[in-house]
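Notes follow once the structure below has been shown.
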Amino acid sequence: MDSLDISKLKEIIKEAVREVLHEEFLNLWINSLPYVSDEEMKDIQERYGSPNYTEDEFVEGDLK
(Lines give C-alpha, C1' and ligand atoms only; values in the text may rest on other atoms or scores of the structure.)
Protein backbone atom coordinates (compact mmCIF):
# COMPACT_ATOMS: atom_id res chain seq x y z
CA MET A 1 0.00 0.00 0.00
CA ASP A 2 1.33 3.42 -0.83
CA SER A 3 0.78 6.52 1.32
CA LEU A 4 -2.22 7.66 -0.74
CA ASP A 5 -4.04 4.41 -0.08
CA ILE A 6 -3.22 4.61 3.62
CA SER A 7 -4.42 8.21 3.96
CA LYS A 8 -7.64 7.40 2.05
CA LEU A 9 -8.20 4.37 4.31
CA LYS A 10 -7.66 6.54 7.41
CA GLU A 11 -10.25 9.06 6.15
CA ILE A 12 -12.76 6.27 5.48
CA ILE A 13 -12.22 4.84 8.96
CA LYS A 14 -12.51 8.28 10.60
CA GLU A 15 -15.80 8.97 8.82
CA ALA A 16 -17.17 5.54 9.76
CA VAL A 17 -16.23 6.08 13.42
CA ARG A 18 -17.87 9.55 13.38
CA GLU A 19 -21.09 8.08 11.99
CA VAL A 20 -21.18 5.31 14.60
CA LEU A 21 -20.49 7.74 17.45
CA HIS A 22 -23.22 10.06 16.18
CA GLU A 23 -25.73 7.22 15.96
CA GLU A 24 -24.82 5.96 19.42
CA PHE A 25 -25.08 9.45 20.91
CA LEU A 26 -28.56 9.84 19.42
CA ASN A 27 -29.58 6.42 20.74
CA LEU A 28 -28.28 7.32 24.19
CA TRP A 29 -30.14 10.63 24.13
CA ILE A 30 -33.39 9.05 22.93
CA ASN A 31 -33.17 6.28 25.51
CA SER A 32 -32.56 8.79 28.31
CA LEU A 33 -35.88 10.53 27.68
CA PRO A 34 -38.38 9.55 30.37
CA TYR A 35 -41.37 7.43 29.41
CA VAL A 36 -44.68 9.28 29.55
CA SER A 37 -47.85 7.20 29.72
CA ASP A 38 -50.96 8.18 27.77
CA GLU A 39 -52.60 9.22 31.04
CA GLU A 40 -49.65 11.44 32.00
CA MET A 41 -49.59 13.00 28.52
CA LYS A 42 -53.30 13.73 28.69
CA ASP A 43 -52.83 15.37 32.10
CA ILE A 44 -49.96 17.52 30.74
CA GLN A 45 -52.03 18.62 27.76
CA GLU A 46 -55.01 19.46 29.97
CA ARG A 47 -52.85 21.52 32.33
CA TYR A 48 -50.65 23.31 29.82
CA GLY A 49 -52.32 22.82 26.44
CA SER A 50 -50.49 21.93 23.28
CA PRO A 51 -47.58 24.06 22.15
CA ASN A 52 -48.57 26.83 19.77
CA TYR A 53 -45.51 27.18 17.53
CA THR A 54 -45.38 29.27 14.40
CA GLU A 55 -43.67 28.12 11.20
CA ASP A 56 -40.84 30.65 11.54
CA GLU A 57 -39.75 29.09 14.86
CA PHE A 58 -38.51 25.95 13.08
CA VAL A 59 -35.37 25.43 11.07
CA GLU A 60 -35.21 22.61 8.54
CA GLY A 61 -32.03 20.59 8.69
CA ASP A 62 -30.25 17.32 9.07
CA LEU A 63 -29.38 15.92 12.49
CA LYS A 64 -25.74 15.49 11.49
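If you're wondering about the labels, chains in the C-alpha coordinates are A, B, ... by order shown, residues count from 1 in each chain, ligands from 1 in order shown.
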Subject >> 12 Å contact set for region 57-63 of chain A, only C-alpha atoms, chain neighbours under 6 positions out, as a PyMOL selection string >> reply: chain A and resi 19+22-23+25-26+51
Since we have the selection now, will you write its residues out, keeping N, CA and C atoms, as a PDB file, in the first residue's frame?
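Output contents, as saved in again_29.pdb:
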ATOM      1  N   GLU A  19     -19.689   8.469  12.196  1.00  0.00           N
ATOM      2  CA  GLU A  19     -21.086   8.075  11.991  1.00  0.00           C
ATOM      3  C   GLU A  19     -21.587   7.186  13.118  1.00  0.00           C
ATOM      4  N   HIS A  22     -22.029   9.222  16.300  1.00  0.00           N
ATOM      5  CA  HIS A  22     -23.217  10.063  16.182  1.00  0.00           C
ATOM      6  C   HIS A  22     -24.486   9.244  16.417  1.00  0.00           C
ATOM      7  N   GLU A  23     -24.570   8.087  15.779  1.00  0.00           N
ATOM      8  CA  GLU A  23     -25.734   7.223  15.963  1.00  0.00           C
ATOM      9  C   GLU A  23     -25.876   6.782  17.416  1.00  0.00           C
ATOM     10  N   PHE A  25     -24.704   8.298  20.089  1.00  0.00           N
ATOM     11  CA  PHE A  25     -25.084   9.446  20.906  1.00  0.00           C
ATOM     12  C   PHE A  25     -26.580   9.698  20.800  1.00  0.00           C
ATOM     13  N   LEU A  26     -27.122   9.648  19.591  1.00  0.00           N
ATOM     14  CA  LEU A  26     -28.564   9.844  19.416  1.00  0.00           C
ATOM     15  C   LEU A  26     -29.360   8.754  20.127  1.00  0.00           C
ATOM     16  N   PRO A  51     -48.404  22.921  22.544  1.00  0.00           N
ATOM     17  CA  PRO A  51     -47.578  24.057  22.151  1.00  0.00           C
ATOM     18  C   PRO A  51     -48.173  24.753  20.930  1.00  0.00           C
TER      19      PRO A  51
END
Original post:
Among chain A, which ones does DSSP place in helix (DSSP H, G or I), written as a ChimeraX atom specification?
Top reply: /A:3-32,38-48,55-57
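For the atom pair formed by CA of Glu39 (chain A) and CA of Glu55 (chain A), the distance is 28.8 Å, given to one decimal.
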